[in-house]
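Here the structure comes first, spelled out in structure tokens, and everything after it is commentary.
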Amino acid sequence: MTDEPARKRILVADDADTITTLLDTALTAGGYQVVVARNGVETYEMGKSGDIDLVILDHLMPGLLGIEVIEKWRSEGVEVPVIVLSGVDDDTTLVSSLEVGAVDFVRKPFRLNELMARIRQRIPSGA
């Protein structure tokens, strides 16, 4: 039995396979445990479980928008940190995301090294 610290668990929520594959690979290599959701309803359910340390959440998701997911979590007392990813390039989406409780907002296309730095700032990998 080892005394190795538990790896931090990140929920990557995006309906684009290229994004989820890229982030799964990079985050796993960075020492994180990754789970993936493909739509807003699945994201909502997985995020309220209490065993997620950070969520990387696409704004435009099928089922529920990213903002709707955050609103539902916050109304239920779920305080998991959320970094919103969005290809929507307008300040209204950015401000709305932060106002409902996201801790950060990153526009697509994003620089992987910048996103990884933002993630490490919120939660160290423990690896």
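We name chains A, B, ... following the order of the structure tokens; residues begin at 1 in each chain, and ligands are numbered from 1 as shown.
The neighbours of segment 58-74 of chain A here are the residues that come within 8 Å of it, using only C-alpha atoms and leaving out any residue fewer than 2 positions away in the same chain; they are A:Ala13, A:Asp14, A:Asp15, A:Arg38, A:Asn39, A:Gly40, A:Val41, A:Thr43, A:Tyr44, A:Gly47, A:Lys48, A:Ile56, A:Glu76, A:Gly77, A:Val78, A:Glu79, A:Val82, A:Val84, A:Leu85, A:Ser86, A:Gly87, A:Ser96, A:Ser97, A:Val100, A:Gly101, A:Ala102.
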Checklist entry - Skipping near chain neighbours, those fewer than 5 positions away, what residues fall within 9 Å of Leu22 of chain A using only C-alpha atoms, listed as a PyMOL selection string? => result chain A and resi 17+27+112
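Proximity of A:Val88, A:Val34, A:Leu57, A:Leu11 to Pro109 of chain A, computed with only C-alpha atoms, is greatest for A:Val88.
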Item to check | Residues of chain A in strand (DSSP E or B), written as a VMD selection string | outcome: chain A and resid 9 to 13 33 to 37 54 to 58 82 to 86 104 to 107
Since we have the selection now, will you write its residues out, keeping N, CA and C atoms, as an mmCIF file, in the first residue's frame?
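Output (again_28.cif):
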```
data_model
loop_
_atom_site.group_PDB
_atom_site.id
_atom_site.type_symbol
_atom_site.label_atom_id
_atom_site.label_comp_id
_atom_site.auth_asym_id
_atom_site.auth_seq_id
_atom_site.Cartn_x
_atom_site.Cartn_y
_atom_site.Cartn_z
ATOM 1 N N ARG A 9 -9.289 15.118 -9.738
ATOM 2 C CA ARG A 9 -10.206 14.645 -10.774
ATOM 3 C C ARG A 9 -10.804 15.826 -11.530
ATOM 4 N N ILE A 10 -10.626 15.822 -12.847
ATOM 5 C CA ILE A 10 -11.131 16.893 -13.695
ATOM 6 C C ILE A 10 -12.184 16.342 -14.655
ATOM 7 N N LEU A 11 -13.310 17.032 -14.698
ATOM 8 C CA LEU A 11 -14.373 16.712 -15.644
ATOM 9 C C LEU A 11 -14.204 17.596 -16.869
ATOM 10 N N VAL A 12 -13.962 16.971 -18.010
ATOM 11 C CA VAL A 12 -13.864 17.682 -19.286
ATOM 12 C C VAL A 12 -15.208 17.512 -19.987
ATOM 13 N N ALA A 13 -15.922 18.619 -20.177
ATOM 14 C CA ALA A 13 -17.259 18.578 -20.754
ATOM 15 C C ALA A 13 -17.271 19.336 -22.073
ATOM 16 N N GLN A 33 -6.599 12.898 -13.010
ATOM 17 C CA GLN A 33 -7.549 11.874 -13.435
ATOM 18 C C GLN A 33 -8.639 12.593 -14.222
ATOM 19 N N VAL A 34 -9.015 12.078 -15.380
ATOM 20 C CA VAL A 34 -9.956 12.760 -16.261
ATOM 21 C C VAL A 34 -11.209 11.923 -16.466
ATOM 22 N N VAL A 35 -12.355 12.585 -16.383
ATOM 23 C CA VAL A 35 -13.621 11.994 -16.793
ATOM 24 C C VAL A 35 -14.216 12.932 -17.839
ATOM 25 N N VAL A 36 -14.984 12.381 -18.763
ATOM 26 C CA VAL A 36 -15.487 13.152 -19.897
ATOM 27 C C VAL A 36 -17.009 13.094 -19.935
ATOM 28 N N ALA A 37 -17.612 14.249 -20.225
ATOM 29 C CA ALA A 37 -19.050 14.341 -20.480
ATOM 30 C C ALA A 37 -19.242 14.949 -21.860
ATOM 31 N N LEU A 54 -12.405 19.959 -10.483
ATOM 32 C CA LEU A 54 -12.449 21.077 -11.426
ATOM 33 C C LEU A 54 -13.209 20.626 -12.666
ATOM 34 N N VAL A 55 -13.939 21.559 -13.271
ATOM 35 C CA VAL A 55 -14.664 21.272 -14.513
ATOM 36 C C VAL A 55 -14.157 22.208 -15.599
ATOM 37 N N ILE A 56 -13.854 21.631 -16.757
ATOM 38 C CA ILE A 56 -13.572 22.413 -17.960
ATOM 39 C C ILE A 56 -14.812 22.235 -18.830
ATOM 40 N N LEU A 57 -15.564 23.311 -19.009
ATOM 41 C CA LEU A 57 -16.920 23.236 -19.532
ATOM 42 C C LEU A 57 -17.095 24.061 -20.800
ATOM 43 N N ASP A 58 -17.471 23.383 -21.873
ATOM 44 C CA ASP A 58 -17.799 24.075 -23.119
ATOM 45 C C ASP A 58 -19.083 24.872 -22.909
ATOM 46 N N VAL A 82 -15.175 26.012 -12.079
ATOM 47 C CA VAL A 82 -15.462 25.784 -13.492
ATOM 48 C C VAL A 82 -14.659 26.764 -14.345
ATOM 49 N N ILE A 83 -13.953 26.212 -15.332
ATOM 50 C CA ILE A 83 -13.332 27.019 -16.366
ATOM 51 C C ILE A 83 -14.171 26.813 -17.627
ATOM 52 N N VAL A 84 -14.752 27.894 -18.129
ATOM 53 C CA VAL A 84 -15.590 27.816 -19.322
ATOM 54 C C VAL A 84 -14.712 27.972 -20.564
ATOM 55 N N LEU A 85 -14.922 27.094 -21.539
ATOM 56 C CA LEU A 85 -14.309 27.209 -22.858
ATOM 57 C C LEU A 85 -15.410 27.644 -23.813
ATOM 58 N N SER A 86 -15.092 28.575 -24.703
ATOM 59 C CA SER A 86 -16.126 28.992 -25.635
ATOM 60 C C SER A 86 -15.551 29.462 -26.956
ATOM 61 N N ASP A 104 -13.104 31.058 -14.378
ATOM 62 C CA ASP A 104 -12.265 31.512 -15.477
ATOM 63 C C ASP A 104 -13.001 31.275 -16.782
ATOM 64 N N PHE A 105 -12.518 31.924 -17.842
ATOM 65 C CA PHE A 105 -13.119 31.832 -19.165
ATOM 66 C C PHE A 105 -11.991 31.837 -20.184
ATOM 67 N N VAL A 106 -11.996 30.854 -21.070
ATOM 68 C CA VAL A 106 -10.953 30.732 -22.085
ATOM 69 C C VAL A 106 -11.638 30.616 -23.445
ATOM 70 N N ARG A 107 -11.207 31.466 -24.371
ATOM 71 C CA ARG A 107 -11.789 31.428 -25.723
ATOM 72 C C ARG A 107 -11.124 30.354 -26.571
#
```
Item to check | Residue contacts of Arg122 of chain A (9 Å, only C-alpha atoms) excluding same-chain residues fewer than 3 positions away, as a count of residues only | outcome: 6
Item to check | Every residue of chain A that DSSP places in alpha helix (DSSP H), as a PyMOL selection string | outcome: chain A and resi 17-29+40-47+66-75+91-100+112-122
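Distance check against Gly31 of chain A using only C-alpha atoms: of A:Met116, A:Ile19, A:Ser49, A:Arg7, the minimum falls on A:Arg7.
The space between atom CA of Thr28 of chain A and atom CA of Lys8 of chain A spans 10.2 Å.
Counting from atom CA of Asp91 of chain A, the distance to atom CA of Glu114 of chain A is 19.7 Å.
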